[in-house]
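Structure file entry_5.pdb with PDB, C-alpha atoms:
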```
MODEL        1
ATOM      1  CA  MET A   1      39.023  18.701  10.276
ATOM      2  CA  LYS A   2      39.811  17.125   6.916
ATOM      3  CA  GLU A   3      39.243  13.640   8.335
ATOM      4  CA  LYS A   4      35.860  14.735   9.692
ATOM      5  CA  ASN A   5      34.859  16.144   6.314
ATOM      6  CA  VAL A   6      35.974  12.942   4.606
ATOM      7  CA  ARG A   7      33.914  10.834   7.027
ATOM      8  CA  GLU A   8      30.844  13.003   6.504
ATOM      9  CA  LYS A   9      31.303  12.812   2.747
ATOM     10  CA  THR A  10      31.637   9.022   2.939
ATOM     11  CA  LYS A  11      28.450   8.761   5.010
ATOM     12  CA  LYS A  12      26.558  10.914   2.502
ATOM     13  CA  GLU A  13      27.827   8.832  -0.393
ATOM     14  CA  LYS A  14      26.801   5.600   1.335
ATOM     15  CA  ALA A  15      23.373   7.032   2.123
ATOM     16  CA  LYS A  16      23.001   8.121  -1.500
ATOM     17  CA  GLU A  17      24.022   4.672  -2.744
ATOM     18  CA  LYS A  18      21.551   2.995  -0.379
ATOM     19  CA  THR A  19      18.783   5.332  -1.552
ATOM     20  CA  GLY A  20      19.525   4.501  -5.173
ATOM     21  CA  THR A  21      19.652   0.767  -4.438
ATOM     22  CA  ASP A  22      16.335   0.821  -2.551
ATOM     23  CA  PHE A  23      14.705   2.764  -5.359
ATOM     24  CA  ILE A  24      15.988   0.408  -8.083
ATOM     25  CA  ILE A  25      14.937  -2.722  -6.164
ATOM     26  CA  GLY A  26      11.504  -1.219  -5.521
ATOM     27  CA  VAL A  27      11.003  -0.240  -9.168
ATOM     28  CA  PHE A  28      12.092  -3.680 -10.407
ATOM     29  CA  LEU A  29       9.920  -5.700  -8.008
ATOM     30  CA  SER A  30       6.847  -3.482  -8.323
ATOM     31  CA  ALA A  31       7.155  -3.546 -12.126
ATOM     32  CA  LEU A  32       7.137  -7.364 -12.063
ATOM     33  CA  VAL A  33       3.989  -7.417  -9.926
ATOM     34  CA  LEU A  34       2.237  -4.791 -12.058
ATOM     35  CA  VAL A  35       3.114  -6.609 -15.289
ATOM     36  CA  MET A  36       1.723  -9.835 -13.833
ATOM     37  CA  ALA A  37      -1.494  -8.109 -12.751
ATOM     38  CA  LEU A  38      -1.987  -6.361 -16.099
ATOM     39  CA  SER A  39      -1.199  -9.542 -18.042
ATOM     40  CA  SER A  40      -3.918 -11.417 -16.160
ATOM     41  CA  PHE A  41      -6.555  -9.249 -17.889
ATOM     42  CA  PHE A  42      -5.547 -10.755 -21.242
ATOM     43  CA  TYR A  43      -3.793 -14.047 -20.583
ATOM     44  CA  THR A  44      -3.296 -16.772 -18.003
ATOM     45  CA  PRO A  45      -1.834 -20.215 -18.803
ATOM     46  CA  TYR A  46      -5.057 -21.851 -17.594
ATOM     47  CA  GLY A  47      -8.380 -20.673 -16.260
ATOM     48  CA  TYR A  48      -7.941 -19.783 -12.605
ATOM     49  CA  ASN A  49     -10.778 -22.143 -11.668
ATOM     50  CA  ASP A  50     -10.150 -24.889 -14.252
ATOM     51  CA  MET A  51      -9.837 -28.257 -12.508
ATOM     52  CA  ASP A  52      -7.942 -31.352 -13.626
ATOM     53  CA  SER A  53      -8.395 -34.218 -11.175
ATOM     54  CA  ALA A  54      -5.656 -36.217 -12.914
ATOM     55  CA  ALA A  55      -3.108 -33.495 -12.131
ATOM     56  CA  ARG A  56      -3.856 -32.966  -8.439
ATOM     57  CA  PHE A  57      -0.804 -31.844  -6.429
ATOM     58  CA  SER A  58       1.470 -31.881  -9.479
ATOM     59  CA  PRO A  59       4.833 -30.381  -8.500
ATOM     60  CA  PRO A  60       6.247 -27.358 -10.369
ATOM     61  CA  ARG A  61       7.343 -28.338 -13.863
ATOM     62  CA  GLY A  62       7.192 -27.150 -17.465
ATOM     63  CA  GLU A  63       3.459 -27.647 -17.892
ATOM     64  CA  TYR A  64       2.588 -26.186 -14.501
ATOM     65  CA  LEU A  65       5.133 -23.539 -13.581
ATOM     66  CA  LEU A  66       4.162 -23.414  -9.888
ATOM     67  CA  GLY A  67       2.432 -26.785  -9.699
ATOM     68  CA  THR A  68      -1.241 -27.525  -9.043
ATOM     69  CA  ASP A  69      -3.429 -27.571  -5.936
ATOM     70  CA  ASN A  70      -5.782 -30.105  -4.370
ATOM     71  CA  PHE A  71      -8.345 -29.601  -7.166
ATOM     72  CA  GLY A  72      -5.786 -29.764  -9.955
ATOM     73  CA  ARG A  73      -5.945 -25.998 -10.561
ATOM     74  CA  ASP A  74      -2.849 -24.254 -11.880
ATOM     75  CA  VAL A  75      -1.311 -22.294  -8.994
ATOM     76  CA  PHE A  76       0.509 -19.835 -11.285
ATOM     77  CA  SER A  77      -2.735 -18.907 -13.070
ATOM     78  CA  ARG A  78      -4.414 -18.349  -9.709
ATOM     79  CA  ILE A  79      -1.473 -16.233  -8.521
ATOM     80  CA  MET A  80      -1.745 -14.097 -11.673
ATOM     81  CA  GLU A  81      -5.503 -13.674 -11.306
ATOM     82  CA  GLY A  82      -5.212 -12.998  -7.578
ATOM     83  CA  SER A  83      -2.684 -10.201  -8.173
ATOM     84  CA  LYS A  84      -5.362  -8.285 -10.067
ATOM     85  CA  TYR A  85      -7.862  -8.328  -7.209
ATOM     86  CA  THR A  86      -5.271  -7.779  -4.494
ATOM     87  CA  LEU A  87      -3.802  -4.722  -6.221
ATOM     88  CA  LEU A  88      -7.255  -3.369  -7.081
ATOM     89  CA  VAL A  89      -8.333  -3.455  -3.438
ATOM     90  CA  ALA A  90      -5.038  -1.830  -2.376
ATOM     91  CA  LEU A  91      -5.279   0.910  -5.025
ATOM     92  CA  LEU A  92      -8.891   1.770  -4.171
ATOM     93  CA  THR A  93      -8.086   1.778  -0.456
ATOM     94  CA  VAL A  94      -5.039   4.025  -0.725
ATOM     95  CA  ALA A  95      -6.600   6.350  -3.328
ATOM     96  CA  GLY A  96      -9.699   6.898  -1.196
ATOM     97  CA  SER A  97      -7.835   7.306   2.079
ATOM     98  CA  ALA A  98      -5.234   9.630   0.492
ATOM     99  CA  LEU A  99      -7.951  11.846  -0.996
ATOM    100  CA  ALA A 100     -10.023  12.014   2.188
ATOM    101  CA  GLY A 101      -7.069  12.186   4.581
ATOM    102  CA  SER A 102      -5.214  14.825   2.562
ATOM    103  CA  SER A 103      -8.270  17.070   2.365
ATOM    104  CA  ILE A 104      -8.924  16.773   6.105
ATOM    105  CA  GLY A 105      -5.228  17.284   6.930
ATOM    106  CA  LEU A 106      -4.956  20.400   4.758
ATOM    107  CA  LEU A 107      -8.051  21.954   6.322
ATOM    108  CA  SER A 108      -7.007  20.982   9.848
ATOM    109  CA  GLY A 109      -3.504  22.405   9.525
ATOM    110  CA  TYR A 110      -4.641  25.642   7.909
ATOM    111  CA  ALA A 111      -7.644  26.270  10.183
ATOM    112  CA  GLY A 112      -5.809  25.609  13.458
ATOM    113  CA  GLY A 113      -7.465  26.382  16.757
ATOM    114  CA  ALA A 114     -10.483  24.411  17.961
ATOM    115  CA  ALA A 115     -11.201  22.847  14.571
ATOM    116  CA  ASP A 116      -7.669  21.445  14.372
ATOM    117  CA  GLU A 117      -7.862  20.153  17.941
ATOM    118  CA  ILE A 118     -11.200  18.381  17.360
ATOM    119  CA  ILE A 119     -10.033  16.768  14.102
ATOM    120  CA  MET A 120      -6.780  15.533  15.584
ATOM    121  CA  ARG A 121      -8.490  14.113  18.673
ATOM    122  CA  LEU A 122     -10.845  12.217  16.360
ATOM    123  CA  MET A 123      -7.854  10.868  14.428
ATOM    124  CA  ASP A 124      -6.155   9.880  17.696
ATOM    125  CA  THR A 125      -9.305   8.059  18.773
ATOM    126  CA  LEU A 126      -9.485   6.226  15.451
ATOM    127  CA  SER A 127      -5.793   5.299  15.645
ATOM    128  CA  SER A 128      -6.056   4.075  19.231
ATOM    129  CA  PHE A 129      -8.029   1.012  18.139
ATOM    130  CA  PRO A 130      -5.920  -1.929  16.892
ATOM    131  CA  GLY A 131      -6.051  -1.788  13.092
ATOM    132  CA  ILE A 132      -7.064  -5.383  12.453
ATOM    133  CA  LEU A 133      -9.685  -5.266  15.224
ATOM    134  CA  LEU A 134     -11.258  -2.128  13.738
ATOM    135  CA  ALA A 135     -11.237  -3.641  10.233
ATOM    136  CA  LEU A 136     -12.767  -6.872  11.560
ATOM    137  CA  LEU A 137     -15.505  -4.900  13.301
ATOM    138  CA  MET A 138     -16.372  -2.892  10.185
ATOM    139  CA  VAL A 139     -16.343  -5.913   7.883
ATOM    140  CA  SER A 140     -18.503  -7.824  10.364
ATOM    141  CA  LEU A 141     -21.031  -4.970  10.307
ATOM    142  CA  LEU A 142     -20.921  -4.312   6.552
ATOM    143  CA  GLY A 143     -20.481  -7.913   5.400
ATOM    144  CA  SER A 144     -17.628  -9.661   3.611
ATOM    145  CA  GLY A 145     -16.548  -8.941   0.043
ATOM    146  CA  GLU A 146     -14.519  -6.426  -1.914
ATOM    147  CA  GLY A 147     -16.709  -3.353  -1.235
ATOM    148  CA  PRO A 148     -16.920  -3.648   2.566
ATOM    149  CA  LEU A 149     -13.226  -4.581   2.703
ATOM    150  CA  VAL A 150     -12.210  -1.414   0.804
ATOM    151  CA  ALA A 151     -14.465   0.719   3.026
ATOM    152  CA  ALA A 152     -13.020  -0.783   6.205
ATOM    153  CA  LEU A 153      -9.391  -0.384   5.132
ATOM    154  CA  LEU A 154     -10.045   3.120   3.773
ATOM    155  CA  VAL A 155     -11.201   4.345   7.185
ATOM    156  CA  LEU A 156      -8.230   2.595   8.778
ATOM    157  CA  PHE A 157      -5.692   4.417   6.577
ATOM    158  CA  ILE A 158      -7.134   7.952   6.789
ATOM    159  CA  PRO A 159      -5.384   9.119  10.024
ATOM    160  CA  SER A 160      -1.868   8.597   8.629
ATOM    161  CA  PHE A 161      -2.573  10.842   5.625
ATOM    162  CA  VAL A 162      -4.230  13.452   7.846
ATOM    163  CA  ARG A 163      -1.105  13.707  10.007
ATOM    164  CA  ILE A 164       1.278  13.887   7.034
ATOM    165  CA  MET A 165      -0.619  16.683   5.302
ATOM    166  CA  ARG A 166      -1.334  18.613   8.499
ATOM    167  CA  SER A 167       2.367  18.543   9.391
ATOM    168  CA  GLY A 168       3.243  19.834   5.927
ATOM    169  CA  VAL A 169       0.729  22.679   6.130
ATOM    170  CA  LEU A 170       2.090  23.731   9.528
ATOM    171  CA  GLN A 171       5.575  23.842   7.973
ATOM    172  CA  TYR A 172       4.598  26.035   5.046
ATOM    173  CA  LYS A 173       1.720  28.250   6.120
ATOM    174  CA  GLU A 174       4.068  30.665   7.924
ATOM    175  CA  ARG A 175       6.448  30.937   4.959
ATOM    176  CA  ASP A 176       6.941  34.265   3.248
ATOM    177  CA  PHE A 177       5.402  33.216  -0.067
ATOM    178  CA  VAL A 178       2.210  32.116   1.701
ATOM    179  CA  LYS A 179       2.028  35.272   3.819
ATOM    180  CA  THR A 180       2.570  37.383   0.706
ATOM    181  CA  ALA A 181      -0.270  35.578  -1.083
ATOM    182  CA  GLU A 182      -2.518  36.188   1.936
ATOM    183  CA  LEU A 183      -1.690  39.908   1.870
ATOM    184  CA  TRP A 184      -2.688  40.023  -1.783
ATOM    185  CA  GLY A 185      -6.087  38.616  -0.832
ATOM    186  CA  CYS A 186      -5.574  35.065  -2.059
ATOM    187  CA  PRO A 187      -8.552  32.904  -0.934
ATOM    188  CA  PRO A 188      -7.830  30.013   1.457
ATOM    189  CA  ALA A 189      -8.688  27.339  -1.123
ATOM    190  CA  ARG A 190      -6.144  28.748  -3.571
ATOM    191  CA  LEU A 191      -3.540  29.077  -0.818
ATOM    192  CA  LEU A 192      -3.952  25.422   0.107
ATOM    193  CA  PHE A 193      -4.239  23.798  -3.307
ATOM    194  CA  VAL A 194      -2.033  26.083  -5.417
ATOM    195  CA  HIS A 195       0.644  27.421  -3.054
ATOM    196  CA  ILE A 196       1.014  24.787  -0.302
ATOM    197  CA  LEU A 197      -0.100  21.437  -1.746
ATOM    198  CA  PRO A 198       2.464  21.307  -4.602
ATOM    199  CA  ASN A 199       5.248  21.456  -1.997
ATOM    200  CA  LEU A 200       3.796  18.410  -0.239
ATOM    201  CA  LEU A 201       3.314  16.156  -3.278
ATOM    202  CA  SER A 202       6.608  14.300  -2.794
ATOM    203  CA  SER A 203       5.703  13.477   0.822
ATOM    204  CA  LEU A 204       2.229  12.429  -0.298
ATOM    205  CA  LEU A 205       3.630  10.227  -3.079
ATOM    206  CA  SER A 206       5.979   8.481  -0.661
ATOM    207  CA  ALA A 207       3.118   7.898   1.791
ATOM    208  CA  VAL A 208       0.887   6.543  -0.988
ATOM    209  CA  VAL A 209       3.504   4.043  -2.187
ATOM    210  CA  LEU A 210       4.251   2.866   1.361
ATOM    211  CA  GLY A 211       0.517   2.708   1.973
ATOM    212  CA  LEU A 212       0.083   0.333  -0.972
ATOM    213  CA  GLY A 213       2.345  -2.199   0.711
ATOM    214  CA  ASN A 214       0.456  -1.867   3.991
ATOM    215  CA  ALA A 215      -2.902  -2.146   2.200
ATOM    216  CA  ILE A 216      -1.816  -5.325   0.395
ATOM    217  CA  LEU A 217      -0.733  -6.854   3.701
ATOM    218  CA  ALA A 218      -4.015  -5.803   5.345
ATOM    219  CA  GLU A 219      -6.066  -7.222   2.452
ATOM    220  CA  ALA A 220      -4.153 -10.512   2.605
ATOM    221  CA  THR A 221      -4.763 -10.693   6.368
ATOM    222  CA  MET A 222      -8.495 -10.090   6.012
ATOM    223  CA  SER A 223      -8.793 -12.590   3.149
ATOM    224  CA  TYR A 224      -6.801 -15.120   5.179
ATOM    225  CA  LEU A 225      -9.400 -14.741   7.935
ATOM    226  CA  GLY A 226     -12.195 -15.259   5.388
ATOM    227  CA  LEU A 227     -13.485 -11.659   5.512
ATOM    228  CA  GLY A 228     -11.931 -10.314   2.319
ATOM    229  CA  ILE A 229     -12.246 -11.374  -1.304
ATOM    230  CA  GLN A 230     -14.591 -14.351  -1.493
ATOM    231  CA  PRO A 231     -14.383 -17.538  -3.600
ATOM    232  CA  PRO A 232     -14.481 -18.357  -6.444
ATOM    233  CA  LEU A 233     -12.324 -15.237  -6.963
ATOM    234  CA  PRO A 234      -8.714 -15.973  -5.994
ATOM    235  CA  SER A 235      -6.866 -13.902  -3.416
ATOM    236  CA  TRP A 236      -3.338 -14.411  -2.143
ATOM    237  CA  GLY A 237      -4.466 -14.319   1.490
ATOM    238  CA  ARG A 238      -7.347 -16.716   0.831
ATOM    239  CA  MET A 239      -5.044 -19.069  -1.084
ATOM    240  CA  LEU A 240      -2.617 -19.067   1.828
ATOM    241  CA  ALA A 241      -5.411 -20.030   4.218
ATOM    242  CA  GLU A 242      -6.724 -22.786   1.944
ATOM    243  CA  TYR A 243      -3.320 -24.274   1.154
ATOM    244  CA  GLN A 244      -1.732 -24.240   4.609
ATOM    245  CA  ALA A 245      -3.211 -27.697   5.263
ATOM    246  CA  PHE A 246      -1.039 -29.052   2.431
ATOM    247  CA  LEU A 247       2.165 -27.345   3.544
ATOM    248  CA  PHE A 248       4.052 -30.615   4.091
ATOM    249  CA  ASN A 249       2.838 -32.759   1.194
ATOM    250  CA  ALA A 250       2.496 -29.949  -1.395
ATOM    251  CA  PRO A 251       4.466 -26.942  -0.071
ATOM    252  CA  TRP A 252       4.443 -25.105  -3.415
ATOM    253  CA  CYS A 253       0.720 -24.371  -3.021
ATOM    254  CA  ALA A 254       1.183 -22.264   0.135
ATOM    255  CA  LEU A 255       4.671 -20.953  -0.630
ATOM    256  CA  ALA A 256       3.634 -19.320  -3.914
ATOM    257  CA  PRO A 257       1.034 -16.864  -2.494
ATOM    258  CA  GLY A 258       3.140 -16.328   0.653
ATOM    259  CA  ILE A 259       6.205 -15.357  -1.380
ATOM    260  CA  MET A 260       4.119 -13.095  -3.632
ATOM    261  CA  ILE A 261       2.706 -11.240  -0.626
ATOM    262  CA  MET A 262       6.206 -10.815   0.794
ATOM    263  CA  LEU A 263       7.738  -9.638  -2.508
ATOM    264  CA  THR A 264       4.916  -7.188  -3.220
ATOM    265  CA  VAL A 265       5.036  -5.628   0.243
ATOM    266  CA  LEU A 266       8.837  -5.361  -0.018
ATOM    267  CA  ALA A 267       8.540  -3.853  -3.499
ATOM    268  CA  PHE A 268       6.367  -0.958  -2.378
ATOM    269  CA  HIS A 269       8.353  -0.563   0.847
ATOM    270  CA  TYR A 270      11.638  -0.163  -1.042
ATOM    271  CA  LEU A 271      10.033   2.097  -3.631
ATOM    272  CA  GLY A 272       8.407   4.297  -0.993
ATOM    273  CA  GLU A 273      11.594   4.509   1.072
ATOM    274  CA  GLY A 274      13.595   5.377  -2.041
ATOM    275  CA  ILE A 275      11.189   8.198  -2.892
ATOM    276  CA  ARG A 276      11.170   9.458   0.692
ATOM    277  CA  ARG A 277      14.965   9.550   0.987
ATOM    278  CA  ARG A 278      15.475  11.073  -2.443
ATOM    279  CA  TYR A 279      12.777  13.736  -2.486
ATOM    280  CA  VAL A 280      11.427  14.222   1.033
ATOM    281  CA  ARG A 281      14.366  14.091   3.445
ATOM    282  CA  GLY A 282      15.959  17.215   2.033
ATOM    283  CA  GLN A 283      12.821  19.289   2.455
ATOM    284  CA  PRO A 284      12.709  21.790   5.307
TER     285      PRO A 284
ENDMDL
END
```
Can I see the file as structure tokens?
Amino acid sequence: MKEKNVREKTKKEKAKEKTGTDFIIGVFLSALVLVMALSSFFYTPYGYNDMDSAARFSPPRGEYLLGTDNFGRDVFSRIMEGSKYTLLVALLTVAGSALAGSSIGLLSGYAGGAADEIIMRLMDTLSSFPGILLALLMVSLLGSGEGPLVAALLVLFIPSFVRIMRSGVLQYKERDFVKTAELWGCPPARLLFVHILPNLLSSLLSAVVLGLGNAILAEATMSYLGLGIQPPLPSWGRMLAEYQAFLFNAPWCALAPGIMIMLTVLAFHYLGEGIRRRYVRGQP
């Protein structure tokens, strides 16, 4: 019995350590990316579109931290500038989808019955389409650029937030404190947004942070295909597409945006997982 308790205690301690490690790694990496994006509003070593034909394909060195591309443009300055647009698209996408999806999920879970069934079948239908295919279709109809890209990704991300919030409402709407509020004549809007929603904020926060990583990856994919952020504005996905032709003679050009995409997605993944394990797993 004692050995079993010791093993369980060891497992809990290891899980706690892993949660703390994930959270710290996520905070550190995401802070680096955010600092880079914010800094680009005020300073970049060079203009992101400044060309120097004499410095074409210069390798990384003191003057050019990440080298230059085929036009002699500073890759580090373009990475900094691209972080701003990539994060902006991701933030707008996740903010819009979280707001719309949470509202629909709250109403669906609380209403129940036919309304809930119709909403969830619509979400299932939307989710049944391959994500990239649906985004490609919407961008093709709306046109390329930042606005259509945000709209396409926003619709793509709504079902996940609907399911998270609906599940939370179903957990809490039969609780004693909610039933007591109903008996006292509390209106449905107050029940949802004052009594139930605060208990779901940790789950929502975790989903938002994880969604940021997914949105950044989706934006990079669309830009790589030429349907996202358009030149002359830099985008990590667009840079990756443009520089892949020089992968063997100037690998730093393609590696820089590729590594930034990977690190940023990992940053929000670790941060979201850390939040989920620390604040969500213990919830009933």
Evaluate the PyMOL selection byres ((chain A and resi 232-249) around 9) here and jot the selected residues down as a compact mmCIF listing (two decimals) with C-alpha atoms, in the coordinates of the input.
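That gives us part_8.txt:
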```txt
# COMPACT_ATOMS: atom_id res chain seq x y z
CA TYR A 48 -7.94 -19.78 -12.60
CA ASN A 49 -10.78 -22.14 -11.67
CA PHE A 57 -0.80 -31.84 -6.43
CA ASP A 69 -3.43 -27.57 -5.94
CA ASN A 70 -5.78 -30.10 -4.37
CA ARG A 78 -4.41 -18.35 -9.71
CA ILE A 79 -1.47 -16.23 -8.52
CA GLU A 81 -5.50 -13.67 -11.31
CA GLY A 82 -5.21 -13.00 -7.58
CA SER A 83 -2.68 -10.20 -8.17
CA LYS A 84 -5.36 -8.28 -10.07
CA TYR A 85 -7.86 -8.33 -7.21
CA THR A 86 -5.27 -7.78 -4.49
CA LEU A 217 -0.73 -6.85 3.70
CA GLU A 219 -6.07 -7.22 2.45
CA ALA A 220 -4.15 -10.51 2.60
CA THR A 221 -4.76 -10.69 6.37
CA MET A 222 -8.49 -10.09 6.01
CA SER A 223 -8.79 -12.59 3.15
CA TYR A 224 -6.80 -15.12 5.18
CA LEU A 225 -9.40 -14.74 7.94
CA GLY A 226 -12.20 -15.26 5.39
CA GLY A 228 -11.93 -10.31 2.32
CA ILE A 229 -12.25 -11.37 -1.30
CA GLN A 230 -14.59 -14.35 -1.49
CA PRO A 231 -14.38 -17.54 -3.60
CA ALA A 250 2.50 -29.95 -1.40
CA PRO A 251 4.47 -26.94 -0.07
CA TRP A 252 4.44 -25.10 -3.42
CA CYS A 253 0.72 -24.37 -3.02
CA ALA A 254 1.18 -22.26 0.14
CA LEU A 255 4.67 -20.95 -0.63
CA ALA A 256 3.63 -19.32 -3.91
CA PRO A 257 1.03 -16.86 -2.49
CA GLY A 258 3.14 -16.33 0.65
CA MET A 260 4.12 -13.10 -3.63
CA ILE A 261 2.71 -11.24 -0.63
```
List every residue of stretch 8-100 of chain A that has an atom at most 12 Å from any atom of stretch 197-204 of chain A, and for each one report the closest atom pair and its distance in Å to one decimal, counting only C-alpha atoms, with rows sorted by chain and then by increasing residue number, as a tab-separated table.
```
residue	atom	partner	partner_atom	distance
A:Val94	CA	A:Leu204	CA	11.1
A:Ala95	CA	A:Leu204	CA	11.1
A:Ser97	CA	A:Leu204	CA	11.5
A:Ala98	CA	A:Leu204	CA	8.0
A:Leu99	CA	A:Leu204	CA	10.2
```
(request) Select, from A:Gly96, A:Gly62, A:Gly67, A:Gly72, the residue with the minimum atom-to-atom distance to A:Val208, counting all atoms listed in the file. (result)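 For A:Val208, the nearest of the candidates is A:Gly96.
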(message) Once the PyMOL selection byres ((chain A and resi 76) around 8) is applied to the coordinates I shared, what remains selected? I want it as a PyMOL selection string.
(response) chain A and resi 45+64-67+74-75+77-80
(request) Using the chain letters and numbering of this document, enumerate as a PyMOL selection string the residues selected by the PyMOL selection byres ((chain A and resi 177) around 12). (result) chain A and resi 172-176+178-184+186+191+194-196+199
(request) Please provide as a list of chain:residue names all residues within 10 Å of A:Leu266, with the sequence filter that same-chain residues fewer than 6 positions apart are discarded (counting all atoms listed in the file). (result)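 These residues fall inside the cut-off: A:Ile25, A:Gly26, A:Leu29, A:Ser30, A:Leu210, A:Gly213, A:Asn214, A:Met260, A:Gly272.
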(request) State, in Å with one decimal place, the distance from atom CA of A:Leu271 to atom CA of A:Ala207. (result)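 These atoms are spaced 10.5 Å apart.
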(message) Would you compute the distance between atom CA of A:Ile119 and atom CA of A:Ile132? Give it in Å to one decimal.
(response)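 Between these atoms lies a distance of 22.4 Å.
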(request) Work out how far apart atom CA of A:Ala37 and atom CA of A:Phe23 are and give it in Å to one decimal. (result)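 Atom CA of A:Phe23 lies at a distance of 20.9 Å from atom CA of A:Ala37.
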(request) Considering only C-alpha atoms, state which residue in the set A:Ala215, A:Val155, A:Ala267, A:Leu38 is at the smallest distance from A:Phe129. (result)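 Checking each candidate against A:Phe129, we get A:Val155 as the closest.
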(message) Nearest residue to A:Leu32 out of A:Phe268, A:Tyr46, A:Ser167, A:Arg277, using all atoms listed in the file?
(response)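 The answer is A:Phe268, which sits nearest to A:Leu32.
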(request) Tell me which of A:Ile216, A:Ile158, A:Val265, A:Leu205 sits closest to A:Ser102, counting only C-alpha atoms. (result)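 Ranking A:Ile216, A:Ile158, A:Val265, A:Leu205 by distance to A:Ser102, first place goes to A:Ile158.
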(request) Rank nothing, just name the residue among A:Leu192, A:Leu134, A:Ile104, A:Ala115 nearest to A:Val162, using only C-alpha atoms. (result) A:Ile104
(request) Compare A:Gly274, A:Pro159, A:Pro59, A:Pro148 by their minimum atom-to-atom distance to A:Gly105, counting all atoms listed in the file, and give me the closest one. (result) A:Pro159
For stretch 80-92 of chain A, where the input has fewer atoms than it should, I would like N, CA and C atoms rebuilt and written as a short mmCIF file (atom, residue, chain, number, x, y, z; two decimals), in the frame of the given file.
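Result written to selection_8.cif:
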```cif
data_model
loop_
_atom_site.label_atom_id
_atom_site.label_comp_id
_atom_site.auth_asym_id
_atom_site.auth_seq_id
_atom_site.Cartn_x
_atom_site.Cartn_y
_atom_site.Cartn_z
N MET A 80 -1.58 -15.21 -10.73
CA MET A 80 -1.74 -14.10 -11.67
C MET A 80 -3.10 -13.43 -11.50
N GLU A 81 -4.16 -14.23 -11.44
CA GLU A 81 -5.50 -13.67 -11.31
C GLU A 81 -5.67 -12.99 -9.95
N GLY A 82 -5.10 -13.59 -8.91
CA GLY A 82 -5.21 -13.00 -7.58
C GLY A 82 -4.50 -11.66 -7.46
N SER A 83 -3.41 -11.48 -8.22
CA SER A 83 -2.68 -10.20 -8.17
C SER A 83 -3.58 -9.05 -8.61
N LYS A 84 -4.46 -9.32 -9.56
CA LYS A 84 -5.36 -8.28 -10.07
C LYS A 84 -6.29 -7.79 -8.97
N TYR A 85 -6.90 -8.71 -8.25
CA TYR A 85 -7.86 -8.33 -7.21
C TYR A 85 -7.17 -7.74 -5.99
N THR A 86 -6.01 -8.29 -5.64
CA THR A 86 -5.27 -7.78 -4.49
C THR A 86 -4.82 -6.34 -4.73
N LEU A 87 -4.26 -6.08 -5.91
CA LEU A 87 -3.80 -4.72 -6.22
C LEU A 87 -4.97 -3.76 -6.38
N LEU A 88 -6.09 -4.24 -6.92
CA LEU A 88 -7.26 -3.37 -7.08
C LEU A 88 -7.77 -2.90 -5.73
N VAL A 89 -7.89 -3.82 -4.78
CA VAL A 89 -8.33 -3.46 -3.44
C VAL A 89 -7.35 -2.47 -2.80
N ALA A 90 -6.05 -2.72 -2.95
CA ALA A 90 -5.04 -1.83 -2.38
C ALA A 90 -5.09 -0.45 -3.01
N LEU A 91 -5.23 -0.39 -4.33
CA LEU A 91 -5.28 0.91 -5.03
C LEU A 91 -6.51 1.71 -4.61
N LEU A 92 -7.67 1.06 -4.57
CA LEU A 92 -8.89 1.77 -4.17
C LEU A 92 -8.80 2.25 -2.73
#
```
